[in-house]
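Chemist: After the structure tokens below, expect a handful of questions from me.
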Amino acid sequence: MAQYYVVEFEGVSVSLAQDFFELTPADDRPIEIVSGEIGQYSDMGDAEEEGLRLRIIRGHTTSGSGGSTSTPRPLNPNYGAAGFTCEINNTTIASAGSAVNMWSVPFNSRIGWFYNPVPEARIVANQASLIVVRLLAAPTDALSMSGSLVIKEH
Amino acid sequence: MARYYSVEFENITAPAADIDFFELAAADDKPIEIVYGVIGQFTDMGEAEEEGLPMTITRNITASGSGGSVVTPRPLNPNDAAAGFTCEVGNTTTASGGSPEILHAEVIYSRIGWFYLPPAEARPKLSQAENLMIVSLSPWAGDALSLSGTLVVKEY
């Protein structure tokens with residue numbers, strides 16, 4: 001039975017392009033991104049507004065580095081531990097493999113990113129294929145950011 | 001069985017004139033429909049630069065545009081086969097001809113972007129007989145903008 005997990009980061013100073021999230025599916029347990037939110041809370045007001053370029057990429061095979069690990073938390077405490085793993089805020093981004101661009105959209109720094117596709121429009125990843133949520137370019141100045149993804153694991 | 005694909009563009013520059021963000025052509029006997037779409041810009045920020053962007057979805061155009069590029073539809077499920085439909089993005093010479101049917105029109109705030117998620121029964125559909133379907137910024141004569149965007153397309 002499919003189970004649902006959350007991965008997140010909170011209060012991270014972001015001054016470089018990076019992989020906000022890097023997900024590695026487990027053997028025979030595909031995952032899909034159910035929803036996502038990312039925002040910042042340090043640069044408010046009209047003069048500090050900027051556009052942040054986001055992309056979801058599937059297919060890298062070499063993990064990034066420079067960030068940390070986020071343990072997937074089951075949304076239902078009765079679920080078992082997740083099989084997939086997650087790294088967050090890797091400033092050396094994932095690389096290699098046959099990466100394909102699945103999703104691109106910039107978001108307004110004062111609004112944030114809200115991703116909530118209908119179930120049939122979710123992006124799926126299999127084992128041996130990383131999926132990353134990437135900030136493509138550094139912000140104009142450092143931002144204090146938080147974000148979450150909900151992941152369905154089959 | 002229907003399958004789902006994403007097509008996207010990243011960091012294209014729209015001139016101060018009309019642009020077709022997406023141009024879709026259905027394959028023979030494989031109709032498509034737009035499930036979901038997002039488009040945003042990241043260069044004109046702040047209240048002083050805010051503007052209204054007229055967005056349209058138009059079907060039944062016969063002559064393909066040019067000036068952009070071809071993108072390969074990516075299956076959302078990596079186990080799915082390649083798509084039959086084709087897609088061009090960022091055509092600055094817009095598609096033309098035929099008997100255009102505007103299926104959707106709205107104006108979006110440039111600082112917020114376009115979020116399009118129609119109910120399933122209200123999705124714009126295209127079969128091969130209806131030629132091309134485009135998602136456009138039109139009519140447009142405002143600033144040049146740098147934009148990115150994504151469509152999710154269902155193919156039967």
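For the structure tokens, the naming scheme is as follows: chains receive sequential letters (A, B, ...) according to their order of presentation, residues are indexed from 1 within each chain, and ligands are indexed from 1 in presentation order.
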Show me, as a CSV table (one decimal) with C-alpha atoms, in the first residue's frame, the residues of chain A whose atoms get within 7 Å of chain B, using only C-alpha atoms for the distance check.

Modeler:
chain,number,residue,atom,x,y,z
A,46,ASP,CA,8.5,45.9,-2.7
A,47,ALA,CA,12.1,46.9,-3.1
A,49,GLU,CA,11.2,41.4,-4.3
A,50,GLU,CA,12.8,39.1,-6.8
A,51,GLY,CA,12.0,36.3,-9.2
A,52,LEU,CA,13.5,32.8,-8.3
A,102,MET,CA,10.2,17.9,-16.0
A,103,TRP,CA,8.9,21.2,-14.7
A,104,SER,CA,10.0,24.9,-14.8
A,105,VAL,CA,8.5,28.0,-13.3
A,106,PRO,CA,9.8,31.0,-11.5
A,107,PHE,CA,8.2,32.3,-8.4
A,108,ASN,CA,7.9,35.7,-6.8
A,121,ALA,CA,-0.2,15.0,-13.2
A,122,ARG,CA,2.4,14.1,-10.5
A,123,ILE,CA,6.0,13.4,-11.5
A,124,VAL,CA,7.1,9.8,-10.8
A,125,ALA,CA,10.7,8.5,-10.3

Chemist: Write out as a PyMOL selection string the residues lying within 8 Å of Thr85 (chain A), counting only C-alpha atoms and excluding same-chain residues fewer than 2 positions away.

Modeler: chain A and resi 23-26+70-72+82-83+87

Chemist: Would you export the selected residues with N, CA, C and O atoms as a PDB file, in the first residue's frame, please?

Modeler:
ATOM      1  N   LEU A  23      15.852  13.663  -4.074  1.00  0.00           N
ATOM      2  CA  LEU A  23      15.158  12.449  -3.642  1.00  0.00           C
ATOM      3  C   LEU A  23      15.730  11.231  -4.350  1.00  0.00           C
ATOM      4  O   LEU A  23      15.927  11.260  -5.574  1.00  0.00           O
ATOM      5  N   THR A  24      15.981  10.165  -3.603  1.00  0.00           N
ATOM      6  CA  THR A  24      16.510   8.923  -4.158  1.00  0.00           C
ATOM      7  C   THR A  24      15.535   7.793  -3.856  1.00  0.00           C
ATOM      8  O   THR A  24      15.406   7.365  -2.708  1.00  0.00           O
ATOM      9  N   PRO A  25      14.827   7.306  -4.875  1.00  0.00           N
ATOM     10  CA  PRO A  25      13.868   6.212  -4.628  1.00  0.00           C
ATOM     11  C   PRO A  25      14.578   4.922  -4.242  1.00  0.00           C
ATOM     12  O   PRO A  25      15.722   4.674  -4.652  1.00  0.00           O
ATOM     13  N   ALA A  26      13.889   4.092  -3.480  1.00  0.00           N
ATOM     14  CA  ALA A  26      14.413   2.777  -3.094  1.00  0.00           C
ATOM     15  C   ALA A  26      14.068   1.751  -4.169  1.00  0.00           C
ATOM     16  O   ALA A  26      13.255   2.000  -5.058  1.00  0.00           O
ATOM     17  N   SER A  70      17.428  15.025   5.199  1.00  0.00           N
ATOM     18  CA  SER A  70      16.130  15.171   5.847  1.00  0.00           C
ATOM     19  C   SER A  70      15.490  13.793   5.916  1.00  0.00           C
ATOM     20  O   SER A  70      15.290  13.149   4.884  1.00  0.00           O
ATOM     21  N   THR A  71      15.211  13.311   7.103  1.00  0.00           N
ATOM     22  CA  THR A  71      14.558  12.006   7.254  1.00  0.00           C
ATOM     23  C   THR A  71      13.085  12.140   6.901  1.00  0.00           C
ATOM     24  O   THR A  71      12.386  12.973   7.483  1.00  0.00           O
ATOM     25  N   PRO A  72      12.604  11.366   5.935  1.00  0.00           N
ATOM     26  CA  PRO A  72      11.180  11.450   5.599  1.00  0.00           C
ATOM     27  C   PRO A  72      10.312  11.078   6.794  1.00  0.00           C
ATOM     28  O   PRO A  72      10.557  10.048   7.459  1.00  0.00           O
ATOM     29  N   ALA A  82      10.153   5.291   5.608  1.00  0.00           N
ATOM     30  CA  ALA A  82      10.242   5.402   4.150  1.00  0.00           C
ATOM     31  C   ALA A  82      11.425   4.601   3.627  1.00  0.00           C
ATOM     32  O   ALA A  82      12.444   4.432   4.316  1.00  0.00           O
ATOM     33  N   GLY A  83      11.298   4.163   2.381  1.00  0.00           N
ATOM     34  CA  GLY A  83      12.437   3.540   1.721  1.00  0.00           C
ATOM     35  C   GLY A  83      13.311   4.567   1.020  1.00  0.00           C
ATOM     36  O   GLY A  83      14.530   4.422   0.949  1.00  0.00           O
ATOM     37  N   GLU A  87      18.032  14.435   0.499  1.00  0.00           N
ATOM     38  CA  GLU A  87      18.999  15.442   0.925  1.00  0.00           C
ATOM     39  C   GLU A  87      18.411  16.813   0.618  1.00  0.00           C
ATOM     40  O   GLU A  87      17.616  16.967  -0.320  1.00  0.00           O
TER      41      GLU A  87
END

Chemist: Calculate how many Å separate CA of Ala142 (chain A) from CA of Asp143 (chain B), rounding to one decimal.

Modeler: 27.6 Å

Chemist: Tell me, in Å to one decimal, how far CA of Arg58 (chain A) is from CA of Val70 (chain B).

Modeler: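 If I compute the distance from CA of Arg58 (chain A) to CA of Val70 (chain B), I get 19.3 Å.
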
Chemist: Run DSSP on the backbone and tell me which residues of chain A come out as strand (DSSP E); list them as a PyMOL selection string.

Modeler: chain A and resi 3-14+18-24+31-40+51-60+68-69+73-74+85-90+100-108+113-115+124-125+130-135+143-153

Chemist: Limited to C-alpha atoms, could you put the picked residues into a file as a CSV table (one decimal), in the first residue's frame?

Modeler:
chain,number,residue,atom,x,y,z
A,3,GLN,CA,2.3,5.6,2.0
A,4,TYR,CA,2.9,9.4,2.3
A,5,TYR,CA,5.8,11.2,3.8
A,6,VAL,CA,7.0,14.8,4.3
A,7,VAL,CA,10.5,16.1,3.9
A,8,GLU,CA,11.4,19.7,4.8
A,9,PHE,CA,14.0,22.3,5.6
A,10,GLU,CA,13.5,25.3,7.8
A,11,GLY,CA,15.4,28.6,8.4
A,12,VAL,CA,18.1,27.9,5.8
A,13,SER,CA,20.2,30.8,4.5
A,14,VAL,CA,20.1,30.5,0.8
A,18,GLN,CA,21.2,24.7,-5.1
A,19,ASP,CA,19.0,21.6,-5.0
A,20,PHE,CA,16.4,22.4,-2.4
A,21,PHE,CA,15.5,18.7,-2.4
A,22,GLU,CA,17.2,15.6,-3.8
A,23,LEU,CA,15.2,12.4,-3.6
A,24,THR,CA,16.5,8.9,-4.2
A,31,ILE,CA,7.9,7.8,-5.6
A,32,GLU,CA,5.9,10.7,-6.7
A,33,ILE,CA,5.8,14.4,-5.7
A,34,VAL,CA,2.3,15.0,-4.3
A,35,SER,CA,2.8,18.7,-3.3
A,36,GLY,CA,5.4,21.2,-2.4
A,37,GLU,CA,5.8,24.7,-0.9
A,38,ILE,CA,8.9,26.9,-0.6
A,39,GLY,CA,9.1,30.4,0.7
A,40,GLN,CA,11.4,33.0,2.3
A,51,GLY,CA,12.0,36.3,-9.2
A,52,LEU,CA,13.5,32.8,-8.3
A,53,ARG,CA,13.9,30.3,-11.0
A,54,LEU,CA,12.8,26.7,-10.1
A,55,ARG,CA,13.1,23.5,-12.0
A,56,ILE,CA,12.2,19.9,-11.3
A,57,ILE,CA,14.7,17.5,-12.9
A,58,ARG,CA,14.6,13.7,-13.1
A,59,GLY,CA,17.4,11.3,-14.0
A,60,HIS,CA,20.6,12.5,-12.4
A,68,SER,CA,22.2,17.9,4.8
A,69,THR,CA,19.8,14.9,5.1
A,73,ARG,CA,8.4,11.7,8.2
A,74,PRO,CA,5.3,9.6,7.7
A,85,THR,CA,16.0,9.1,1.1
A,86,CYS,CA,16.3,12.9,0.8
A,87,GLU,CA,19.0,15.4,0.9
A,88,ILE,CA,18.3,19.1,1.2
A,89,ASN,CA,20.1,22.3,0.3
A,90,ASN,CA,22.9,20.8,-1.7
A,100,VAL,CA,15.4,15.5,-18.2
A,101,ASN,CA,13.6,18.7,-17.3
A,102,MET,CA,10.2,17.9,-16.0
A,103,TRP,CA,8.9,21.2,-14.7
A,104,SER,CA,10.0,24.9,-14.8
A,105,VAL,CA,8.5,28.0,-13.3
A,106,PRO,CA,9.8,31.0,-11.5
A,107,PHE,CA,8.2,32.3,-8.4
A,108,ASN,CA,7.9,35.7,-6.8
A,113,TRP,CA,6.2,28.4,-4.6
A,114,PHE,CA,3.0,26.3,-4.3
A,115,TYR,CA,2.9,23.0,-6.2
A,124,VAL,CA,7.1,9.8,-10.8
A,125,ALA,CA,10.7,8.5,-10.3
A,130,LEU,CA,17.3,11.0,-8.7
A,131,ILE,CA,14.7,13.7,-8.7
A,132,VAL,CA,15.7,17.2,-7.6
A,133,VAL,CA,13.8,20.4,-7.0
A,134,ARG,CA,16.5,23.0,-8.1
A,135,LEU,CA,17.0,26.7,-7.6
A,143,LEU,CA,17.3,34.7,1.7
A,144,SER,CA,16.1,32.8,4.8
A,145,MET,CA,14.0,30.0,3.4
A,146,SER,CA,11.9,27.0,4.4
A,147,GLY,CA,10.1,24.4,2.4
A,148,SER,CA,8.3,21.1,2.3
A,149,LEU,CA,7.5,18.3,-0.1
A,150,VAL,CA,4.9,15.6,0.4
A,151,ILE,CA,6.0,12.3,-1.2
A,152,LYS,CA,4.0,9.2,-2.1
A,153,GLU,CA,5.9,6.0,-2.0

Chemist: Ranking A:Ile111, A:Val118, A:Ala94, A:Ala81 by minimum distance to Met44 (chain A) and counting only C-alpha atoms, which one comes first?

Modeler: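 Comparing A:Ile111, A:Val118, A:Ala94, A:Ala81 against Met44 (chain A), the winner is A:Ile111.
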
Chemist: In Å, with one decimal, what is the gap from CA of Gly90 (chain B) to CA of Phe21 (chain B)?

Modeler: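 The value is 4.7 Å.
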
Chemist: List the neighbours of Ile32 (chain B) out to 8 Å using only C-alpha atoms; skip same-chain residues closer than 3 positions along the sequence, and give me the result as JSON, numbers by chain.

Modeler: {"B": [26, 85, 125, 126, 127, 153, 154, 155, 156]}

Chemist: Can you write just those residues out, N, CA, C and O atoms, as a PDB file, in the first residue's frame?

Modeler:
ATOM      1  N   ALA B  26      -1.271  17.454 -32.211  1.00  0.00           N
ATOM      2  CA  ALA B  26      -1.646  16.089 -31.838  1.00  0.00           C
ATOM      3  C   ALA B  26      -1.238  15.107 -32.934  1.00  0.00           C
ATOM      4  O   ALA B  26      -1.210  15.450 -34.119  1.00  0.00           O
ATOM      5  N   PHE B  85       2.351  13.318 -29.599  1.00  0.00           N
ATOM      6  CA  PHE B  85       2.212  14.733 -29.959  1.00  0.00           C
ATOM      7  C   PHE B  85       3.574  15.424 -29.948  1.00  0.00           C
ATOM      8  O   PHE B  85       4.538  14.917 -29.364  1.00  0.00           O
ATOM      9  N   LYS B 125      -9.137  20.564 -25.515  1.00  0.00           N
ATOM     10  CA  LYS B 125      -8.772  19.322 -26.210  1.00  0.00           C
ATOM     11  C   LYS B 125      -8.380  19.618 -27.647  1.00  0.00           C
ATOM     12  O   LYS B 125      -8.831  20.590 -28.247  1.00  0.00           O
ATOM     13  N   LEU B 126      -7.553  18.735 -28.171  1.00  0.00           N
ATOM     14  CA  LEU B 126      -7.086  18.900 -29.553  1.00  0.00           C
ATOM     15  C   LEU B 126      -6.940  17.529 -30.183  1.00  0.00           C
ATOM     16  O   LEU B 126      -6.288  16.644 -29.625  1.00  0.00           O
ATOM     17  N   SER B 127      -7.539  17.381 -31.364  1.00  0.00           N
ATOM     18  CA  SER B 127      -7.267  16.188 -32.166  1.00  0.00           C
ATOM     19  C   SER B 127      -6.511  16.622 -33.417  1.00  0.00           C
ATOM     20  O   SER B 127      -6.420  17.815 -33.712  1.00  0.00           O
ATOM     21  N   VAL B 153       0.262  17.619 -20.230  1.00  0.00           N
ATOM     22  CA  VAL B 153      -0.626  17.261 -21.338  1.00  0.00           C
ATOM     23  C   VAL B 153      -1.002  15.793 -21.226  1.00  0.00           C
ATOM     24  O   VAL B 153      -0.150  14.930 -21.005  1.00  0.00           O
ATOM     25  N   LYS B 154      -2.276  15.531 -21.364  1.00  0.00           N
ATOM     26  CA  LYS B 154      -2.785  14.155 -21.380  1.00  0.00           C
ATOM     27  C   LYS B 154      -2.954  13.718 -22.825  1.00  0.00           C
ATOM     28  O   LYS B 154      -3.563  14.436 -23.623  1.00  0.00           O
ATOM     29  N   GLU B 155      -2.438  12.541 -23.146  1.00  0.00           N
ATOM     30  CA  GLU B 155      -2.576  12.012 -24.505  1.00  0.00           C
ATOM     31  C   GLU B 155      -3.344  10.704 -24.449  1.00  0.00           C
ATOM     32  O   GLU B 155      -2.996   9.802 -23.671  1.00  0.00           O
ATOM     33  N   TYR B 156      -4.345  10.596 -25.301  1.00  0.00           N
ATOM     34  CA  TYR B 156      -5.177   9.383 -25.327  1.00  0.00           C
ATOM     35  C   TYR B 156      -4.592   8.341 -26.273  1.00  0.00           C
ATOM     36  O   TYR B 156      -3.782   8.651 -27.127  1.00  0.00           O
TER      37      TYR B 156
END

Chemist: Looking at only C-alpha atoms, which of A:Asn116, A:Asn76, A:Thr140, A:Ser129 is the one that sits closest to Asp27 (chain A)?

Modeler: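 Nearest candidate to Asp27 (chain A) out of A:Asn116, A:Asn76, A:Thr140, A:Ser129: A:Ser129.
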
Chemist: Which residues, written as a ChimeraX atom specification, have at least one atom at most 10 Å from Pro139 (chain B), with only C-alpha atoms counted and residues fewer than 2 positions away on the same chain left out?

Modeler: /B:17-19,53-56,136-137,141-142

Chemist: For the selection just defined, write its residues with all heavy atoms to a file, as a PDB file, in the first residue's frame.

Modeler:
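What landed in part-v3.pdb:
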ATOM      1  N   ALA B  17       6.200  41.933 -27.899  1.00  0.00           N
ATOM      2  CA  ALA B  17       5.259  41.580 -28.965  1.00  0.00           C
ATOM      3  C   ALA B  17       4.701  40.201 -28.647  1.00  0.00           C
ATOM      4  O   ALA B  17       5.188  39.521 -27.744  1.00  0.00           O
ATOM      5  CB  ALA B  17       5.973  41.572 -30.323  1.00  0.00           C
ATOM      6  N   ASP B  18       3.726  39.767 -29.407  1.00  0.00           N
ATOM      7  CA  ASP B  18       3.096  38.472 -29.148  1.00  0.00           C
ATOM      8  C   ASP B  18       4.123  37.335 -29.184  1.00  0.00           C
ATOM      9  O   ASP B  18       5.087  37.374 -29.948  1.00  0.00           O
ATOM     10  CB  ASP B  18       2.033  38.173 -30.218  1.00  0.00           C
ATOM     11  CG  ASP B  18       0.802  39.059 -30.072  1.00  0.00           C
ATOM     12  OD1 ASP B  18       0.810  39.956 -29.215  1.00  0.00           O
ATOM     13  OD2 ASP B  18      -0.149  38.834 -30.835  1.00  0.00           O
ATOM     14  N   ILE B  19       3.854  36.315 -28.383  1.00  0.00           N
ATOM     15  CA  ILE B  19       4.693  35.120 -28.392  1.00  0.00           C
ATOM     16  C   ILE B  19       3.802  33.916 -28.106  1.00  0.00           C
ATOM     17  O   ILE B  19       2.865  33.998 -27.307  1.00  0.00           O
ATOM     18  CB  ILE B  19       5.838  35.223 -27.347  1.00  0.00           C
ATOM     19  CG1 ILE B  19       6.741  33.990 -27.396  1.00  0.00           C
ATOM     20  CG2 ILE B  19       5.299  35.447 -25.947  1.00  0.00           C
ATOM     21  CD1 ILE B  19       8.008  34.143 -26.561  1.00  0.00           C
ATOM     22  N   LEU B  53      -0.850  40.671 -18.130  1.00  0.00           N
ATOM     23  CA  LEU B  53      -0.435  39.889 -19.304  1.00  0.00           C
ATOM     24  C   LEU B  53      -1.647  39.140 -19.857  1.00  0.00           C
ATOM     25  O   LEU B  53      -2.207  38.275 -19.176  1.00  0.00           O
ATOM     26  CB  LEU B  53       0.666  38.894 -18.922  1.00  0.00           C
ATOM     27  CG  LEU B  53       1.887  39.442 -18.192  1.00  0.00           C
ATOM     28  CD1 LEU B  53       2.871  38.318 -17.903  1.00  0.00           C
ATOM     29  CD2 LEU B  53       2.561  40.537 -19.001  1.00  0.00           C
ATOM     30  N   PRO B  54      -2.038  39.427 -21.096  1.00  0.00           N
ATOM     31  CA  PRO B  54      -3.185  38.726 -21.689  1.00  0.00           C
ATOM     32  C   PRO B  54      -2.788  37.339 -22.197  1.00  0.00           C
ATOM     33  O   PRO B  54      -1.911  37.209 -23.058  1.00  0.00           O
ATOM     34  CB  PRO B  54      -3.599  39.648 -22.835  1.00  0.00           C
ATOM     35  CG  PRO B  54      -2.354  40.378 -23.207  1.00  0.00           C
ATOM     36  CD  PRO B  54      -1.512  40.480 -21.979  1.00  0.00           C
ATOM     37  N   MET B  55      -3.420  36.326 -21.655  1.00  0.00           N
ATOM     38  CA  MET B  55      -3.110  34.931 -22.017  1.00  0.00           C
ATOM     39  C   MET B  55      -4.287  34.338 -22.776  1.00  0.00           C
ATOM     40  O   MET B  55      -5.440  34.524 -22.392  1.00  0.00           O
ATOM     41  CB  MET B  55      -2.889  34.092 -20.751  1.00  0.00           C
ATOM     42  CG  MET B  55      -1.735  34.527 -19.894  1.00  0.00           C
ATOM     43  SD  MET B  55      -0.163  34.013 -20.573  1.00  0.00           S
ATOM     44  CE  MET B  55      -0.412  32.240 -20.678  1.00  0.00           C
ATOM     45  N   THR B  56      -3.984  33.598 -23.823  1.00  0.00           N
ATOM     46  CA  THR B  56      -5.040  32.911 -24.560  1.00  0.00           C
ATOM     47  C   THR B  56      -4.619  31.480 -24.899  1.00  0.00           C
ATOM     48  O   THR B  56      -3.433  31.199 -25.075  1.00  0.00           O
ATOM     49  CB  THR B  56      -5.386  33.634 -25.890  1.00  0.00           C
ATOM     50  OG1 THR B  56      -4.179  33.786 -26.647  1.00  0.00           O
ATOM     51  CG2 THR B  56      -6.013  34.990 -25.648  1.00  0.00           C
ATOM     52  N   SER B 136      -0.636  31.378 -25.632  1.00  0.00           N
ATOM     53  CA  SER B 136       0.029  32.581 -26.118  1.00  0.00           C
ATOM     54  C   SER B 136      -0.088  33.753 -25.164  1.00  0.00           C
ATOM     55  O   SER B 136      -1.056  33.860 -24.403  1.00  0.00           O
ATOM     56  CB  SER B 136      -0.593  33.007 -27.451  1.00  0.00           C
ATOM     57  OG  SER B 136      -0.565  31.967 -28.376  1.00  0.00           O
ATOM     58  N   LEU B 137       0.881  34.636 -25.285  1.00  0.00           N
ATOM     59  CA  LEU B 137       0.789  35.975 -24.722  1.00  0.00           C
ATOM     60  C   LEU B 137       0.351  36.855 -25.887  1.00  0.00           C
ATOM     61  O   LEU B 137       1.145  37.150 -26.786  1.00  0.00           O
ATOM     62  CB  LEU B 137       2.141  36.410 -24.165  1.00  0.00           C
ATOM     63  CG  LEU B 137       2.249  37.828 -23.596  1.00  0.00           C
ATOM     64  CD1 LEU B 137       1.320  38.001 -22.397  1.00  0.00           C
ATOM     65  CD2 LEU B 137       3.688  38.126 -23.200  1.00  0.00           C
ATOM     66  N   ALA B 141       2.187  44.214 -26.174  1.00  0.00           N
ATOM     67  CA  ALA B 141       3.113  45.246 -26.648  1.00  0.00           C
ATOM     68  C   ALA B 141       3.792  45.900 -25.455  1.00  0.00           C
ATOM     69  O   ALA B 141       4.228  47.037 -25.524  1.00  0.00           O
ATOM     70  CB  ALA B 141       2.374  46.289 -27.470  1.00  0.00           C
ATOM     71  N   GLY B 142       3.888  45.174 -24.344  1.00  0.00           N
ATOM     72  CA  GLY B 142       4.522  45.721 -23.144  1.00  0.00           C
ATOM     73  C   GLY B 142       6.012  45.449 -23.139  1.00  0.00           C
ATOM     74  O   GLY B 142       6.643  45.278 -24.189  1.00  0.00           O
TER      75      GLY B 142
END

Chemist: Near Leu132 (chain B), counting only C-alpha atoms, which residues have an atom at most 10 Å away, once you skip same-chain residues fewer than 3 positions from it, shown as an NGL selection string?

Modeler: :B and (23-26 or 58-64 or 86-87 or 95-96 or 98 or 100 or 126-129)

Chemist: Which residue is closest to Ile57 (chain B)? Choose from B:Ala2, B:Ala16, B:Ile102, B:Leu145 and count only C-alpha atoms.

Modeler: B:Ile102
